[in-house]
Amino acid sequence: MIDDRMRATGNPGATVWVYDERRRVRDDVASRLVALSFVGRVEVVGDPASLLSRLDTRTPDVLIVGTQRAVDTGLTAATQALRAHPGLPVLVLGAPDDAESVRAAVAFGARGYLRWDATPIEMGLGLSRVGLRADGRIPMQQAPQPAMAWSGAAPLAGSAPTTVRSTVRETTP
């Protein structure tokens, strides 16, 4: 299941893919992304097989993967995509209190995290943190960041929106 949204203007902009099994989430995130002037196309994918087969033929400028605590399909899809395409800029999308999924995704190479309820501005900031520029492209000279575990003391591998630092924290004993 693949759906496609484009801006009405002729601006080519960036191509962002959104993977989540829940249609409501895909539609909501896509509507906020397409509101950004530097995003020209948003493609939403609802099943992992379609996502992975599509990645074999073309890649987005950024892939956003929804995660859920109760179901690990989002994290599994992100992991498989990153194994097959290590330089792919991936952001995970999830609940602010789901630190385990965030840590796991970053350990596998995701470049950052966005909350489900992120505003279009916060999404734009998150996209900029993976290297997406205002012209809608990621500079070619940018090397993929090595996968790092998140300690909680710094933003996710140095590439997460600032709001994450105050949202996802380890519980202190």
# chains A, B, ... in the order shown; residues from 1 in each chain; ligands from 1
$ residues_around --residues "segment 50-59 of chain A" --least-positions-apart "6" --cutoff "12 Å" --atoms "only C-alpha atoms" --output "number ranges by chain"
A: 1-3, 14-21, 43-44, 65, 73-74, 76-90
$ closest_residue --among "A:Ser37, A:Ser31, A:Ser101, A:Gln68" --to "Ala118 of chain A" --atoms "only C-alpha atoms"
A:Ser31
$ closest_residue --among "A:Gly66, A:Gly131, A:Gly13, A:Gly46" --to "Ala105 of chain A" --atoms "only C-alpha atoms"
A:Gly66
$ atom_distance --atom1 "atom CA of Ala110 of chain A" --atom2 "atom CA of Pro48 of chain A"
16.7 Å
$ decode --residues "segment 30-43 of chain A" --atoms "all heavy atoms" --output "short mmCIF file (atom, residue, chain, number, x, y, z; two decimals), in the first residue's frame"
data_model
loop_
_atom_site.label_atom_id
_atom_site.label_comp_id
_atom_site.auth_asym_id
_atom_site.auth_seq_id
_atom_site.Cartn_x
_atom_site.Cartn_y
_atom_site.Cartn_z
N ALA A 30 1.78 12.95 6.94
CA ALA A 30 1.93 13.41 5.55
C ALA A 30 1.37 14.82 5.38
O ALA A 30 1.97 15.66 4.70
CB ALA A 30 1.26 12.44 4.58
N SER A 31 0.23 15.10 5.99
CA SER A 31 -0.36 16.44 5.85
C SER A 31 0.51 17.50 6.50
O SER A 31 0.61 18.62 5.98
CB SER A 31 -1.78 16.47 6.42
OG SER A 31 -1.75 16.32 7.82
N ARG A 32 1.17 17.18 7.60
CA ARG A 32 2.07 18.15 8.23
C ARG A 32 3.35 18.33 7.41
O ARG A 32 3.88 19.42 7.31
CB ARG A 32 2.40 17.74 9.66
CG ARG A 32 1.23 18.01 10.60
CD ARG A 32 1.55 17.66 12.01
NE ARG A 32 1.19 16.24 12.19
CZ ARG A 32 1.71 15.46 13.11
NH1 ARG A 32 2.61 15.90 13.93
NH2 ARG A 32 1.32 14.21 13.20
N LEU A 33 3.84 17.25 6.81
CA LEU A 33 5.07 17.34 6.01
C LEU A 33 4.85 18.12 4.72
O LEU A 33 5.69 18.93 4.32
CB LEU A 33 5.59 15.94 5.69
CG LEU A 33 6.22 15.19 6.84
CD1 LEU A 33 6.44 13.73 6.45
CD2 LEU A 33 7.53 15.84 7.28
N VAL A 34 3.75 17.88 4.04
CA VAL A 34 3.51 18.54 2.76
C VAL A 34 3.29 20.04 2.96
O VAL A 34 3.41 20.81 2.01
CB VAL A 34 2.36 17.85 2.00
CG1 VAL A 34 1.00 18.37 2.39
CG2 VAL A 34 2.57 17.94 0.51
N ALA A 35 3.01 20.46 4.18
CA ALA A 35 2.87 21.88 4.48
C ALA A 35 4.22 22.60 4.49
O ALA A 35 4.27 23.83 4.44
CB ALA A 35 2.17 22.07 5.82
N LEU A 36 5.32 21.85 4.56
CA LEU A 36 6.65 22.45 4.58
C LEU A 36 7.06 22.82 3.15
O LEU A 36 6.96 22.01 2.24
CB LEU A 36 7.66 21.47 5.18
CG LEU A 36 7.39 21.06 6.62
CD1 LEU A 36 8.32 19.91 7.02
CD2 LEU A 36 7.56 22.24 7.55
N SER A 37 7.56 24.02 2.99
CA SER A 37 7.87 24.53 1.65
C SER A 37 8.97 23.74 0.94
O SER A 37 8.99 23.67 -0.28
CB SER A 37 8.27 26.00 1.72
OG SER A 37 9.44 26.16 2.49
N PHE A 38 9.87 23.13 1.67
CA PHE A 38 10.98 22.40 1.04
C PHE A 38 10.68 20.93 0.82
O PHE A 38 11.51 20.19 0.33
CB PHE A 38 12.28 22.58 1.82
CG PHE A 38 12.22 22.11 3.25
CD1 PHE A 38 12.52 20.80 3.57
CD2 PHE A 38 11.86 22.99 4.25
CE1 PHE A 38 12.47 20.37 4.87
CE2 PHE A 38 11.81 22.57 5.57
CZ PHE A 38 12.11 21.25 5.88
N VAL A 39 9.49 20.48 1.18
CA VAL A 39 9.08 19.10 0.93
C VAL A 39 8.17 19.12 -0.29
O VAL A 39 7.09 19.71 -0.26
CB VAL A 39 8.37 18.48 2.15
CG1 VAL A 39 7.83 17.11 1.81
CG2 VAL A 39 9.31 18.42 3.34
N GLY A 40 8.61 18.50 -1.37
CA GLY A 40 7.84 18.50 -2.60
C GLY A 40 6.95 17.29 -2.76
O GLY A 40 5.92 17.35 -3.43
N ARG A 41 7.35 16.17 -2.16
CA ARG A 41 6.60 14.94 -2.34
C ARG A 41 6.66 14.13 -1.04
O ARG A 41 7.72 13.97 -0.46
CB ARG A 41 7.19 14.14 -3.50
CG ARG A 41 6.55 12.83 -3.75
CD ARG A 41 7.29 12.07 -4.87
NE ARG A 41 6.32 11.33 -5.63
CZ ARG A 41 5.87 11.67 -6.83
NH1 ARG A 41 6.32 12.73 -7.42
NH2 ARG A 41 4.98 10.94 -7.44
N VAL A 42 5.51 13.61 -0.63
CA VAL A 42 5.44 12.72 0.52
C VAL A 42 4.79 11.44 0.05
O VAL A 42 3.69 11.45 -0.50
CB VAL A 42 4.63 13.33 1.69
CG1 VAL A 42 4.53 12.34 2.85
CG2 VAL A 42 5.25 14.64 2.16
N GLU A 43 5.47 10.33 0.24
CA GLU A 43 4.92 9.03 -0.11
C GLU A 43 4.72 8.27 1.20
O GLU A 43 5.62 8.23 2.03
CB GLU A 43 5.87 8.27 -1.03
CG GLU A 43 6.06 8.97 -2.36
CD GLU A 43 6.99 8.23 -3.30
OE1 GLU A 43 7.13 7.00 -3.17
OE2 GLU A 43 7.56 8.91 -4.17
#
